[in-house]
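One file, target_13.cif, carrying mmCIF, C-alpha atoms and all ligand atoms:
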```cif
data_coords
loop_
_atom_site.label_atom_id
_atom_site.label_comp_id
_atom_site.auth_asym_id
_atom_site.auth_seq_id
_atom_site.Cartn_x
_atom_site.Cartn_y
_atom_site.Cartn_z
CA MET Z 950 19.06 12.27 20.17
CA LYS Z 951 15.93 12.92 22.21
CA LYS Z 952 13.12 14.27 20.07
CA GLU Z 953 11.34 17.15 21.77
CA PRO Z 954 8.19 18.84 20.48
CA PHE Z 955 8.62 22.48 19.45
CA VAL Z 956 5.54 23.35 21.51
CA THR Z 957 5.12 23.14 25.28
CA LYS Z 958 2.25 21.45 27.09
CA GLU Z 959 1.15 24.83 28.46
CA GLN Z 960 1.06 26.34 24.97
CA LEU Z 961 -0.89 23.37 23.59
CA ASP Z 962 -3.39 23.39 26.47
CA GLU Z 963 -4.05 27.01 25.58
CA ILE Z 964 -4.33 26.38 21.80
CA VAL Z 965 -6.82 23.50 22.17
CA LYS Z 966 -9.18 25.82 24.06
CA THR Z 967 -9.72 27.67 20.77
CA TYR Z 968 -8.98 25.00 18.17
CA PRO Z 969 -10.20 21.46 18.76
CA THR Z 970 -7.89 18.56 17.91
CA PRO Z 971 -6.84 17.17 15.53
CA PHE Z 972 -4.80 19.85 13.78
CA HIS Z 973 -1.41 20.34 12.22
CA LEU Z 974 0.76 22.84 14.05
CA TYR Z 975 3.75 24.61 12.44
CA ASP Z 976 6.77 26.24 14.04
CA GLU Z 977 7.50 29.67 12.57
CA LYS Z 978 10.80 30.02 14.42
CA GLY Z 979 12.09 26.66 13.16
CA ILE Z 980 10.98 27.32 9.57
CA ARG Z 981 12.80 30.67 9.54
CA ALA Z 982 16.02 29.41 11.12
CA ASN Z 983 16.20 26.51 8.67
CA ALA Z 984 15.39 28.62 5.58
CA LYS Z 985 18.16 31.02 6.61
CA ALA Z 986 20.59 28.12 7.05
CA VAL Z 987 19.81 26.71 3.58
CA LYS Z 988 20.39 30.13 2.05
CA GLU Z 989 23.70 30.56 3.88
CA ALA Z 990 24.91 27.04 3.06
CA PHE Z 991 24.75 27.80 -0.66
CA ALA Z 992 25.65 31.49 -0.51
CA TRP Z 993 28.96 30.63 -2.23
CA ASN Z 994 26.94 30.21 -5.43
CA PRO Z 995 25.66 33.63 -6.56
CA GLY Z 996 22.79 32.17 -8.61
CA PHE Z 997 21.58 29.79 -5.90
CA LYS Z 998 17.85 29.41 -5.47
CA GLU Z 999 15.68 27.02 -3.47
CA TYR Z 1000 12.39 26.27 -5.24
CA PHE Z 1001 10.26 24.95 -2.38
CA ALA Z 1002 8.35 21.82 -3.45
CA VAL Z 1003 4.78 23.04 -3.01
CA LYS Z 1004 3.32 19.55 -2.79
CA ALA Z 1005 5.04 19.08 0.58
CA THR Z 1006 3.08 21.85 2.32
CA PRO Z 1007 0.81 23.90 0.05
CA ASN Z 1008 -0.12 26.57 2.58
CA PRO Z 1009 0.08 30.23 1.45
CA PHE Z 1010 1.10 31.51 4.91
CA LEU Z 1011 4.01 29.09 5.17
CA ILE Z 1012 5.06 29.67 1.57
CA ASN Z 1013 5.11 33.42 2.18
CA ILE Z 1014 7.54 32.90 5.06
CA LEU Z 1015 9.90 31.01 2.72
CA LYS Z 1016 9.52 33.76 0.12
CA GLU Z 1017 11.17 36.17 2.55
CA TYR Z 1018 14.30 34.03 2.29
CA GLY Z 1019 14.36 34.23 -1.49
CA CYS Z 1020 12.69 30.89 -2.17
CA GLY Z 1021 10.84 30.20 -5.39
CA LEU Z 1022 8.33 27.39 -5.88
CA ASP Z 1023 8.55 23.98 -7.50
CA CYS Z 1024 5.13 23.05 -8.89
CA SER Z 1025 3.92 19.85 -10.49
CA SER Z 1026 0.25 20.48 -11.25
CA MET Z 1027 -2.25 23.08 -12.41
CA THR Z 1028 -3.46 24.07 -8.96
CA GLU Z 1029 0.08 24.30 -7.63
CA LEU Z 1030 0.93 26.64 -10.52
CA MET Z 1031 -2.21 28.65 -9.77
CA LEU Z 1032 -1.17 28.92 -6.14
CA ALA Z 1033 2.31 30.14 -7.14
CA ASP Z 1034 0.81 32.73 -9.48
CA THR Z 1035 -1.71 33.86 -6.87
CA LEU Z 1036 1.08 34.40 -4.35
CA HIS Z 1037 2.84 36.62 -6.93
CA PHE Z 1038 5.76 34.37 -7.70
CA GLY Z 1039 7.11 35.65 -10.99
CA GLY Z 1040 7.95 33.37 -13.92
CA PRO Z 1041 11.60 32.50 -13.21
CA ASP Z 1042 10.73 31.93 -9.55
CA ILE Z 1043 8.51 29.01 -10.55
CA MET Z 1044 9.92 25.65 -11.61
CA PHE Z 1045 7.43 23.33 -13.27
CA SER Z 1046 8.75 19.82 -12.60
CA SER Z 1047 5.89 17.58 -13.63
CA ASN Z 1048 5.45 14.24 -15.33
CA ALA Z 1049 2.72 12.74 -17.51
CA THR Z 1050 1.85 16.40 -17.99
CA PRO Z 1051 -1.50 17.44 -19.51
CA ALA Z 1052 -1.26 19.94 -22.38
CA SER Z 1053 -3.31 22.52 -20.46
CA GLU Z 1054 -0.69 22.55 -17.69
CA PHE Z 1055 2.21 23.11 -20.08
CA GLN Z 1056 0.21 25.95 -21.62
CA PHE Z 1057 -0.55 27.52 -18.26
CA ALA Z 1058 3.03 27.13 -17.01
CA HIS Z 1059 4.24 28.83 -20.18
CA ASP Z 1060 1.64 31.61 -19.89
CA ILE Z 1061 2.81 32.52 -16.38
CA GLY Z 1062 6.45 32.30 -17.46
CA ALA Z 1063 7.45 29.31 -15.30
CA ILE Z 1064 10.64 27.43 -16.14
CA ILE Z 1065 9.56 24.14 -17.67
CA ASN Z 1066 11.50 21.05 -16.62
CA LEU Z 1067 10.74 18.31 -19.16
CA ASP Z 1068 10.33 14.79 -17.81
CA ASP Z 1069 10.70 12.96 -21.12
CA PHE Z 1070 12.16 13.14 -24.60
CA THR Z 1071 8.71 12.88 -26.22
CA HIS Z 1072 7.61 15.93 -24.24
CA ILE Z 1073 9.80 18.10 -26.47
CA ASP Z 1074 7.42 17.62 -29.41
CA PHE Z 1075 4.39 17.60 -27.14
CA LEU Z 1076 5.41 20.94 -25.62
CA GLU Z 1077 6.19 22.48 -29.01
CA LYS Z 1078 2.80 21.41 -30.40
CA THR Z 1079 1.03 22.62 -27.26
CA ILE Z 1080 2.50 26.09 -26.88
CA GLY Z 1081 3.61 26.62 -30.48
CA GLN Z 1082 7.30 26.95 -29.69
CA ILE Z 1083 10.14 25.85 -27.45
CA PRO Z 1084 10.81 28.38 -24.68
CA GLU Z 1085 14.20 30.13 -24.63
CA THR Z 1086 14.98 28.63 -21.23
CA ILE Z 1087 14.27 24.95 -20.80
CA SER Z 1088 15.29 22.21 -18.37
CA CYS Z 1089 15.46 18.43 -18.71
CA ARG Z 1090 15.13 15.84 -16.00
CA TYR Z 1091 17.89 13.25 -16.07
CA ASN Z 1092 17.66 9.61 -14.97
CA PRO Z 1093 21.03 7.84 -15.22
CA GLY Z 1094 19.37 4.46 -14.57
CA GLY Z 1095 20.91 1.65 -12.53
CA VAL Z 1096 21.14 2.04 -8.79
CA PHE Z 1097 22.20 5.13 -6.91
CA LYS Z 1098 25.04 4.32 -4.52
CA ILE Z 1099 26.83 6.28 -1.84
CA SER Z 1100 29.99 4.66 -0.41
CA ASN Z 1101 28.83 1.24 -1.58
CA SER Z 1102 25.40 1.44 0.00
CA ILE Z 1103 22.45 1.51 -2.37
CA MET Z 1104 20.32 4.59 -1.72
CA ASP Z 1105 17.65 4.13 -4.34
CA ASN Z 1106 16.87 2.58 -7.67
CA PRO Z 1107 16.58 5.21 -10.45
CA GLY Z 1108 16.45 2.43 -13.07
CA ASP Z 1109 13.00 1.53 -11.72
CA ALA Z 1110 11.75 5.10 -11.49
CA LYS Z 1111 9.29 6.52 -14.00
CA TYR Z 1112 11.04 9.88 -14.17
CA GLY Z 1113 13.47 11.50 -16.51
CA PHE Z 1114 15.46 11.11 -19.75
CA THR Z 1115 18.03 8.33 -20.23
CA THR Z 1116 21.60 9.50 -20.83
CA GLU Z 1117 21.25 8.99 -24.58
CA GLN Z 1118 17.94 10.82 -24.70
CA LEU Z 1119 19.39 13.70 -22.72
CA PHE Z 1120 22.15 14.33 -25.28
CA GLU Z 1121 19.75 13.93 -28.18
CA GLY Z 1122 17.18 16.08 -26.37
CA PHE Z 1123 19.60 18.96 -25.89
CA LYS Z 1124 20.49 18.85 -29.61
CA VAL Z 1125 16.85 18.83 -30.67
CA LEU Z 1126 15.88 21.58 -28.22
CA LYS Z 1127 18.73 23.73 -29.46
CA GLU Z 1128 17.66 23.26 -33.09
CA LYS Z 1129 14.14 24.23 -32.09
CA GLY Z 1130 15.31 27.51 -30.59
CA ALA Z 1131 16.16 26.86 -26.93
CA LYS Z 1132 18.94 29.20 -25.79
CA HIS Z 1133 19.50 28.47 -22.10
CA PHE Z 1134 19.47 25.07 -20.48
CA GLY Z 1135 19.05 23.46 -17.11
CA ILE Z 1136 19.54 19.90 -15.89
CA HIS Z 1137 17.57 18.32 -13.07
CA ALA Z 1138 17.67 14.98 -11.25
CA PHE Z 1139 16.03 13.48 -8.19
CA LEU Z 1140 17.65 10.11 -7.53
CA ALA Z 1141 16.99 9.25 -3.88
CA SER Z 1142 14.34 10.31 -1.40
CA ASN Z 1143 14.61 11.21 2.30
CA THR Z 1144 18.38 10.69 2.45
CA VAL Z 1145 19.84 11.13 5.91
CA THR Z 1146 23.49 11.55 4.91
CA ASN Z 1147 25.50 14.63 4.01
CA GLU Z 1148 26.84 12.75 0.97
CA TYR Z 1149 23.66 12.62 -1.12
CA TYR Z 1150 23.76 16.07 -2.68
CA PRO Z 1151 27.53 16.10 -3.37
CA THR Z 1152 27.32 12.63 -4.98
CA LEU Z 1153 24.31 13.62 -7.09
CA ALA Z 1154 26.04 16.92 -7.94
CA ARG Z 1155 29.07 15.07 -9.30
CA THR Z 1156 26.86 12.96 -11.60
CA LEU Z 1157 25.04 16.04 -12.85
CA PHE Z 1158 28.12 18.26 -13.16
CA GLU Z 1159 29.99 15.62 -15.17
CA VAL Z 1160 27.10 15.13 -17.54
CA ALA Z 1161 26.72 18.92 -17.82
CA VAL Z 1162 30.35 19.30 -18.91
CA LYS Z 1163 29.89 16.60 -21.57
CA LEU Z 1164 26.61 18.10 -22.73
CA LYS Z 1165 28.25 21.47 -23.16
CA GLU Z 1166 31.17 19.95 -25.07
CA GLU Z 1167 29.02 17.80 -27.35
CA THR Z 1168 26.04 20.05 -27.98
CA GLY Z 1169 27.38 23.53 -27.27
CA ALA Z 1170 24.38 24.14 -25.03
CA ASP Z 1171 24.52 27.15 -22.73
CA ILE Z 1172 23.88 25.50 -19.37
CA ARG Z 1173 22.66 28.08 -16.89
CA PHE Z 1174 21.53 25.99 -13.93
CA ILE Z 1175 21.77 22.59 -12.35
CA ASN Z 1176 18.84 21.58 -10.19
CA LEU Z 1177 19.65 19.12 -7.41
CA SER Z 1178 15.93 18.85 -6.67
CA GLY Z 1179 14.65 17.35 -3.39
CA GLY Z 1180 15.70 14.34 -1.40
CA ILE Z 1181 17.58 15.79 1.57
CA GLY Z 1182 15.87 13.97 4.40
CA ILE Z 1183 15.14 14.49 8.06
CA PRO Z 1184 15.69 12.28 11.11
CA TYR Z 1185 12.24 10.83 11.74
CA ARG Z 1186 13.77 8.45 14.29
CA PRO Z 1187 15.45 9.60 17.49
CA ASP Z 1188 18.59 7.57 16.72
CA GLN Z 1189 19.17 9.24 13.33
CA GLU Z 1190 21.84 11.88 12.90
CA PRO Z 1191 20.33 15.01 11.28
CA ASN Z 1192 21.79 16.26 8.02
CA ASP Z 1193 24.12 19.23 8.31
CA ILE Z 1194 23.08 21.63 5.57
CA TYR Z 1195 26.35 23.58 5.86
CA ALA Z 1196 28.36 20.39 5.29
CA ILE Z 1197 26.09 19.58 2.34
CA GLY Z 1198 26.54 23.05 0.80
CA GLU Z 1199 30.29 22.79 1.29
CA GLY Z 1200 30.34 19.29 -0.24
CA VAL Z 1201 28.56 20.57 -3.35
CA ARG Z 1202 30.95 23.55 -3.54
CA LYS Z 1203 33.98 21.21 -3.59
CA VAL Z 1204 32.58 19.16 -6.47
CA TYR Z 1205 31.59 22.38 -8.27
CA GLU Z 1206 35.17 23.63 -8.07
CA GLU Z 1207 36.55 20.27 -9.07
CA VAL Z 1208 34.30 19.62 -12.08
CA LEU Z 1209 32.52 22.75 -13.32
CA VAL Z 1210 35.06 25.52 -12.72
CA PRO Z 1211 37.91 23.88 -14.72
CA ALA Z 1212 35.43 23.33 -17.59
CA GLY Z 1213 34.77 27.07 -17.75
CA MET Z 1214 31.35 26.58 -16.16
CA GLY Z 1215 31.96 28.55 -12.97
CA ASP Z 1216 28.87 30.70 -13.59
CA VAL Z 1217 26.31 27.88 -13.43
CA ALA Z 1218 23.59 28.46 -10.83
CA ILE Z 1219 22.69 25.74 -8.34
CA TYR Z 1220 18.99 25.22 -7.75
CA THR Z 1221 17.29 23.00 -5.20
CA GLU Z 1222 13.69 21.85 -4.81
CA LEU Z 1223 13.64 20.80 -1.20
CA GLY Z 1224 10.32 20.00 0.38
CA ARG Z 1225 10.79 17.71 3.36
CA PHE Z 1226 13.97 19.40 4.54
CA MET Z 1227 12.35 22.85 4.50
CA MET Z 1228 9.24 21.96 6.49
CA GLY Z 1229 9.19 18.37 7.79
CA PRO Z 1230 10.52 18.90 11.32
CA TYR Z 1231 8.62 22.17 11.74
CA GLY Z 1232 5.16 20.66 11.73
CA CYS Z 1233 3.42 18.18 14.00
CA LEU Z 1234 0.00 16.57 14.18
CA VAL Z 1235 -1.75 17.17 17.48
CA THR Z 1236 -4.37 14.63 18.45
CA THR Z 1237 -6.25 13.58 21.58
CA ALA Z 1238 -6.40 10.04 22.96
CA ILE Z 1239 -10.15 9.34 23.06
CA HIS Z 1240 -10.32 5.58 23.63
CA GLU Z 1241 -8.31 2.72 25.00
CA LYS Z 1242 -8.98 -0.81 24.00
CA HIS Z 1243 -7.60 -4.05 25.45
CA THR Z 1244 -7.97 -7.06 23.19
CA TYR Z 1245 -5.14 -9.16 21.77
CA LYS Z 1246 -3.12 -5.97 21.88
CA GLU Z 1247 -3.30 -2.64 23.65
CA TYR Z 1248 -4.78 0.12 21.51
CA ILE Z 1249 -5.12 3.84 21.95
CA GLY Z 1250 -7.71 5.36 19.61
CA CYS Z 1251 -7.19 9.01 18.71
CA ASP Z 1252 -9.24 11.69 17.04
CA ALA Z 1253 -6.78 11.92 14.13
CA CYS Z 1254 -6.50 9.20 11.53
CA ALA Z 1255 -4.63 8.37 8.34
CA VAL Z 1256 -6.49 11.06 6.39
CA ASN Z 1257 -4.55 13.58 8.50
CA LEU Z 1258 -1.25 11.77 8.07
CA MET Z 1259 -0.95 9.01 5.54
CA ARG Z 1260 2.75 8.18 5.72
CA PRO Z 1261 2.57 5.46 8.38
CA ALA Z 1262 -0.30 3.69 6.57
CA MET Z 1263 1.20 4.15 3.11
CA TYR Z 1264 4.90 3.50 3.69
CA GLY Z 1265 5.01 2.06 7.20
CA ALA Z 1266 6.85 5.29 7.98
CA TYR Z 1267 8.03 5.96 11.51
CA HIS Z 1268 6.75 9.13 13.16
CA HIS Z 1269 7.90 9.80 16.69
CA ILE Z 1270 5.14 10.36 19.26
CA THR Z 1271 5.31 12.42 22.44
CA VAL Z 1272 2.61 12.07 25.09
CA MET Z 1273 2.42 15.66 26.31
CA GLY Z 1274 3.20 16.14 29.97
CA LYS Z 1275 4.64 12.64 30.30
CA ASP Z 1276 7.95 13.32 28.64
CA ASN Z 1277 9.95 12.20 31.63
CA SER Z 1278 7.87 9.10 32.38
CA VAL Z 1279 9.16 5.65 31.58
CA CYS Z 1280 8.00 4.12 28.31
CA SER Z 1281 6.45 1.21 30.13
CA HIS Z 1282 3.51 0.44 27.83
CA LYS Z 1283 3.43 -1.09 24.38
CA TYR Z 1284 0.67 0.41 22.24
CA ASP Z 1285 -0.78 0.51 18.78
CA ILE Z 1286 -1.86 4.13 18.26
CA THR Z 1287 -4.80 4.09 15.87
CA GLY Z 1288 -7.17 6.32 13.99
CA SER Z 1289 -10.83 5.59 13.30
CA LEU Z 1290 -10.78 4.59 9.63
CA CYS Z 1291 -12.27 1.27 8.60
CA GLU Z 1292 -8.83 0.20 7.47
CA ASN Z 1293 -6.52 -1.84 9.62
CA ASN Z 1294 -3.48 0.06 8.39
CA ASP Z 1295 -4.80 3.21 10.06
CA LYS Z 1296 -2.16 3.13 12.78
CA PHE Z 1297 0.26 5.92 13.59
CA ALA Z 1298 2.45 3.50 15.53
CA ILE Z 1299 2.57 -0.24 16.05
CA ASP Z 1300 4.05 -1.87 19.16
CA ARG Z 1301 5.41 1.49 20.28
CA MET Z 1302 6.76 1.77 23.81
CA LEU Z 1303 5.23 4.89 25.40
CA PRO Z 1304 4.36 6.20 28.83
CA LYS Z 1305 0.96 5.07 30.09
CA ILE Z 1306 -1.61 7.07 28.15
CA ALA Z 1307 -4.82 8.34 29.76
CA ILE Z 1308 -7.97 9.30 27.89
CA GLY Z 1309 -7.74 13.01 27.12
CA ASP Z 1310 -3.94 13.07 26.81
CA LEU Z 1311 -2.61 15.15 23.96
CA LEU Z 1312 -0.32 13.27 21.60
CA VAL Z 1313 2.15 15.10 19.40
CA ILE Z 1314 3.04 13.17 16.25
CA HIS Z 1315 6.35 14.62 15.10
CA ASP Z 1316 7.73 15.66 11.72
CA THR Z 1317 4.47 16.09 9.83
CA GLY Z 1318 5.40 19.47 8.34
CA ALA Z 1319 6.01 18.04 4.86
CA HIS Z 1320 3.97 15.43 3.00
CA GLY Z 1321 1.64 15.41 6.03
CA PHE Z 1322 -1.54 17.46 5.72
CA SER Z 1323 -1.00 17.69 1.96
CA MET Z 1324 -1.29 13.94 1.39
CA GLY Z 1325 -4.65 13.95 3.14
CA TYR Z 1326 -7.81 12.55 1.67
CA ASN Z 1327 -11.44 12.14 2.63
CA TYR Z 1328 -11.95 8.40 3.06
CA ASN Z 1329 -14.76 7.41 5.40
CA GLY Z 1330 -16.09 10.94 4.96
CA LYS Z 1331 -13.37 12.23 7.26
CA LEU Z 1332 -12.81 15.95 7.03
CA LYS Z 1333 -9.41 17.58 6.72
CA SER Z 1334 -8.10 19.28 9.81
CA ALA Z 1335 -7.09 22.87 10.47
CA GLU Z 1336 -3.52 24.10 10.14
CA ILE Z 1337 -2.20 26.42 12.83
CA LEU Z 1338 0.99 28.46 12.97
CA LEU Z 1339 2.83 28.75 16.27
CA LYS Z 1340 4.31 32.17 15.80
CA GLU Z 1341 7.67 33.36 17.01
CA ASP Z 1342 5.99 35.26 19.86
CA GLY Z 1343 4.34 32.05 21.07
CA THR Z 1344 0.81 32.90 19.91
CA ALA Z 1345 -1.22 30.69 17.59
CA GLN Z 1346 -2.64 31.77 14.24
CA LEU Z 1347 -5.15 29.79 12.23
CA ILE Z 1348 -3.68 29.42 8.72
CA ARG Z 1349 -6.25 27.01 7.29
CA ARG Z 1350 -9.64 26.29 8.79
CA ALA Z 1351 -10.84 22.74 9.24
CA GLU Z 1352 -13.13 21.35 6.55
CA THR Z 1353 -16.84 21.30 7.26
CA PRO Z 1354 -19.52 18.89 6.02
CA LYS Z 1355 -20.48 21.62 3.56
CA ASP Z 1356 -16.99 21.42 2.01
CA TYR Z 1357 -17.28 17.65 1.78
CA PHE Z 1358 -20.55 17.87 -0.13
CA ALA Z 1359 -19.58 20.96 -2.14
CA THR Z 1360 -19.08 19.03 -5.37
CA PHE Z 1361 -22.78 18.15 -5.40
CA ASP Z 1362 -23.72 21.81 -5.35
CA CYS Z 1363 -24.76 21.75 -9.00
CA PHE Z 1364 -27.47 19.19 -8.20
CA ASP Z 1365 -30.48 19.79 -6.03
CA ILE Z 1366 -30.26 16.52 -4.09
CA LEU Z 1367 -28.72 18.26 -1.07
CA LYS Z 1368 -31.50 20.79 -0.62
CA ASP Z 1369 -32.63 18.96 2.55
CA MET Z 1370 -29.18 18.95 4.09
CA LYS Z 1371 -29.47 20.49 7.53
CA TRP Z 1372 -25.78 20.83 8.46
CA GLU Z 1373 -23.06 23.25 7.56
C1 LIG M 1401 8.56 15.69 -4.30
C2 LIG M 1401 9.51 16.45 -5.11
C3 LIG M 1401 10.44 17.30 -4.51
C4 LIG M 1401 10.58 17.43 -3.03
O1 LIG M 1401 11.02 16.26 -2.43
P1 LIG M 1401 11.44 16.20 -0.90
O2 LIG M 1401 11.74 14.77 -0.67
O3 LIG M 1401 10.26 16.68 -0.13
O4 LIG M 1401 12.62 17.09 -0.72
C5 LIG M 1401 11.27 18.04 -5.33
N1 LIG M 1401 11.20 17.94 -6.68
C6 LIG M 1401 10.33 17.13 -7.29
C7 LIG M 1401 10.29 17.09 -8.77
C8 LIG M 1401 9.46 16.34 -6.54
O5 LIG M 1401 8.60 15.53 -7.15
#
```
Final C-alpha cells representation of the file:
Amino acid sequence: MKKEPFVTKEQLDEIVKTYPTPFHLYDEKGIRANAKAVKEAFAWNPGFKEYFAVKATPNPFLINILKEYGCGLDCSSMTELMLADTLHFGGPDIMFSSNATPASEFQFAHDIGAIINLDDFTHIDFLEKTIGQIPETISCRYNPGGVFKISNSIMDNPGDAKYGFTTEQLFEGFKVLKEKGAKHFGIHAFLASNTVTNEYYPTLARTLFEVAVKLKEETGADIRFINLSGGIGIPYRPDQEPNDIYAIGEGVRKVYEEVLVPAGMGDVAIYTELGRFMMGPYGCLVTTAIHEKHTYKEYIGCDACAVNLMRPAMYGAYHHITVMGKDNSVCSHKYDITGSLCENNDKFAIDRMLPKIAIGDLLVIHDTGAHGFSMGYNYNGKLKSAEILLKEDGTAQLIRRAETPKDYFATFDCFDILKDMKWE
C-alpha cells in the first residue's frame, strides 16, 4: 500500500513559516478516528479500558485527546505518574506497569491510587514493606517463558525477557497476595512487540484466559481484569498489511466466550496498554534537506538527527520517507539520509531509493507518533524539537516548544559557572 503523509505540501509550507524544522507533527483527525475504533472494537466487553502507554508519546495535549475516548494511562516511572496525576487521571484510570521499581515510585503510585502491576514475585514483600500493606486491587505480570508462537512462526522470545513472574511464581504469588489481604486481582502480559498480525492479541488472550481460569480454581482469587498490554504494531513498511482492530477485538471476544464464559468468568474486564497502535501512524518527523554529499555513497544531510528519532539508529528500524512535492516522481536515486551526530549510525535511511532530493526539500519521516520524540536525548548538545498538532480544521497548534540552550544548561543553574552565558 502506498504510504501517504497526513499533511499536504501546502499545509507544511505554511507551518514551516512559523515553526522551523525539525519538528514532530501529529494528526488530530487520525488519532481520534483510531481511538474511536479501538473503543468500538472492544465495546462487547463492558469493563474494557485502554490504558495508553505514556512512554510512547508523553504529551499532555495528545493524552487529553485520548482521554475523551475513555482512555486511562499506563505509567512506568515517577514522572509518568506525576503527569497522569497532573492531567487529573483518577486512581483506577492509572496502571503502574513498571519493573526494577524504586520504593518511592511504589509509594507515589499507591498515594495517587494507581493500580499496581507487579513485575516480580519478590516485589510482593518489597511493596508491602514500602507502603505498609498490600492494596485491595493488585495485578501481576506473567511471563510464560519459552518462545511465543503464532501459527508456527516465532514472534518473540519471552524466555529471554526480563519481565514478569514465571507460571509457578504466579500461582504462589496469588496465594501470598490473597493471604496478605488482596481482594481483587488482575493479570498482565506483554509477550511480543510491534506485531503486524490480527492473531497476536487473540493468541495472547488464550494464554492469559487459560491461566486465569486455573488461578481462580486453585487460589480462589477474584480476577477482575486481564490486561493484554501493548504490542499491536503498525505497518512501518509500505508492503505491510495494517492490523484490523475490529478483527482483533472480535478474535479476543471469541476466545473470551470459549474460555472465560464457561468458567463463570464472563464479568472479567479486558484492559489494553497500547502505545504504538494509538499514536504511531499519527505522527511524523518533518525535516529539511540541508546538504548533499557525494563520496563513496550519496548522502543527504538533514536538520533532524537521531536525537529526534532514535529507532533507525537503535534498532535499524525502517521509517518510510516522503520527499514533499515529489510524490509522483520516480525513485531514481539511492541515498543515505543522515543527521548531524558524530555517530555513523545517525541515518534515517540507508540505500533508500527516493526521488532526486534538492537542498531545501522537506522530508516527512513517517510513523514517528509513538516511541519517536519520547526516546529523544541530547547527545552532541542537540536540542529536542517542538511538537505540533495538525488540528482537524487544518490549522497547526504548538503543543511543545523546542528546547533552548537555556534548557540544555538548566541543570547547572545551582552553580554560578554559567553567569557569563550570553544565550537563551
Ligand atoms: C511499552 C509498553 C507498552 C506499550 O507498547 P506498544 O508496543 O507501544 O504498544 C505497554 N505496556 C508496557 C508495560 C510497556 O512497557
Show me which residues line ligand LIG 1401 (chain M), defined as having an atom within 10 Å of a ligand atom where all atoms listed in the file count, and present them as a PDB file with C-alpha atoms, in the frame of the given file.
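The resulting file, part_23.pdb, is shown below:
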```
ATOM      1  CA  TYR Z1000      12.390  26.270  -5.240  1.00  0.00           C
ATOM      2  CA  PHE Z1001      10.260  24.950  -2.380  1.00  0.00           C
ATOM      3  CA  ALA Z1002       8.350  21.820  -3.450  1.00  0.00           C
ATOM      4  CA  VAL Z1003       4.780  23.040  -3.010  1.00  0.00           C
ATOM      5  CA  LYS Z1004       3.320  19.550  -2.790  1.00  0.00           C
ATOM      6  CA  ALA Z1005       5.040  19.080   0.580  1.00  0.00           C
ATOM      7  CA  THR Z1006       3.080  21.850   2.320  1.00  0.00           C
ATOM      8  CA  LEU Z1022       8.330  27.390  -5.880  1.00  0.00           C
ATOM      9  CA  ASP Z1023       8.550  23.980  -7.500  1.00  0.00           C
ATOM     10  CA  CYS Z1024       5.130  23.050  -8.890  1.00  0.00           C
ATOM     11  CA  SER Z1025       3.920  19.850 -10.490  1.00  0.00           C
ATOM     12  CA  MET Z1044       9.920  25.650 -11.610  1.00  0.00           C
ATOM     13  CA  PHE Z1045       7.430  23.330 -13.270  1.00  0.00           C
ATOM     14  CA  SER Z1046       8.750  19.820 -12.600  1.00  0.00           C
ATOM     15  CA  SER Z1047       5.890  17.580 -13.630  1.00  0.00           C
ATOM     16  CA  ASN Z1048       5.450  14.240 -15.330  1.00  0.00           C
ATOM     17  CA  ASN Z1066      11.500  21.050 -16.620  1.00  0.00           C
ATOM     18  CA  ASP Z1068      10.330  14.790 -17.810  1.00  0.00           C
ATOM     19  CA  ARG Z1090      15.130  15.840 -16.000  1.00  0.00           C
ATOM     20  CA  TYR Z1112      11.040   9.880 -14.170  1.00  0.00           C
ATOM     21  CA  HIS Z1137      17.570  18.320 -13.070  1.00  0.00           C
ATOM     22  CA  ALA Z1138      17.670  14.980 -11.250  1.00  0.00           C
ATOM     23  CA  PHE Z1139      16.030  13.480  -8.190  1.00  0.00           C
ATOM     24  CA  ALA Z1141      16.990   9.250  -3.880  1.00  0.00           C
ATOM     25  CA  SER Z1142      14.340  10.310  -1.400  1.00  0.00           C
ATOM     26  CA  ASN Z1143      14.610  11.210   2.300  1.00  0.00           C
ATOM     27  CA  THR Z1144      18.380  10.690   2.450  1.00  0.00           C
ATOM     28  CA  ASN Z1176      18.840  21.580 -10.190  1.00  0.00           C
ATOM     29  CA  LEU Z1177      19.650  19.120  -7.410  1.00  0.00           C
ATOM     30  CA  SER Z1178      15.930  18.850  -6.670  1.00  0.00           C
ATOM     31  CA  GLY Z1179      14.650  17.350  -3.390  1.00  0.00           C
ATOM     32  CA  GLY Z1180      15.700  14.340  -1.400  1.00  0.00           C
ATOM     33  CA  ILE Z1181      17.580  15.790   1.570  1.00  0.00           C
ATOM     34  CA  GLY Z1182      15.870  13.970   4.400  1.00  0.00           C
ATOM     35  CA  ILE Z1183      15.140  14.490   8.060  1.00  0.00           C
ATOM     36  CA  THR Z1221      17.290  23.000  -5.200  1.00  0.00           C
ATOM     37  CA  GLU Z1222      13.690  21.850  -4.810  1.00  0.00           C
ATOM     38  CA  LEU Z1223      13.640  20.800  -1.200  1.00  0.00           C
ATOM     39  CA  GLY Z1224      10.320  20.000   0.380  1.00  0.00           C
ATOM     40  CA  ARG Z1225      10.790  17.710   3.360  1.00  0.00           C
ATOM     41  CA  PHE Z1226      13.970  19.400   4.540  1.00  0.00           C
ATOM     42  CA  MET Z1227      12.350  22.850   4.500  1.00  0.00           C
ATOM     43  CA  MET Z1228       9.240  21.960   6.490  1.00  0.00           C
ATOM     44  CA  GLY Z1229       9.190  18.370   7.790  1.00  0.00           C
ATOM     45  CA  ALA Z1319       6.010  18.040   4.860  1.00  0.00           C
ATOM     46  CA  HIS Z1320       3.970  15.430   3.000  1.00  0.00           C
TER      47      HIS Z1320
END
```
Just want the 12 Å neighbourhood of Z:Asp1188, counted on all atoms listed in the file, with same-chain residues fewer than 4 positions away dropped. Output as a count of residues only. 8
With all atoms listed in the file as the atoms that count, which of Z:Ala1058, Z:Leu1153, Z:Cys1254, Z:Ile1366 lies nearest to Z:Thr1079?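 For Z:Thr1079, the nearest of the given residues is Z:Ala1058.
Between Z:Ile1337 and the candidates Z:Cys1233, Z:Cys1089, Z:Asn1293, Z:Thr1115, the tightest atom-to-atom separation, counting only C-alpha atoms, involves Z:Cys1233.
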(-2.1, 15.7, -26.3) in this file's frame - what residues fall within 10 Å of it? Use all atoms listed in the file and give the answer as a count of residues only. 9
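In this comparison, which uses all atoms listed in the file, the residue of Z:Asn1192, Z:Ser1323, Z:Thr1344, Z:Asn1008 approaching Z:Arg1260 most closely is Z:Ser1323.
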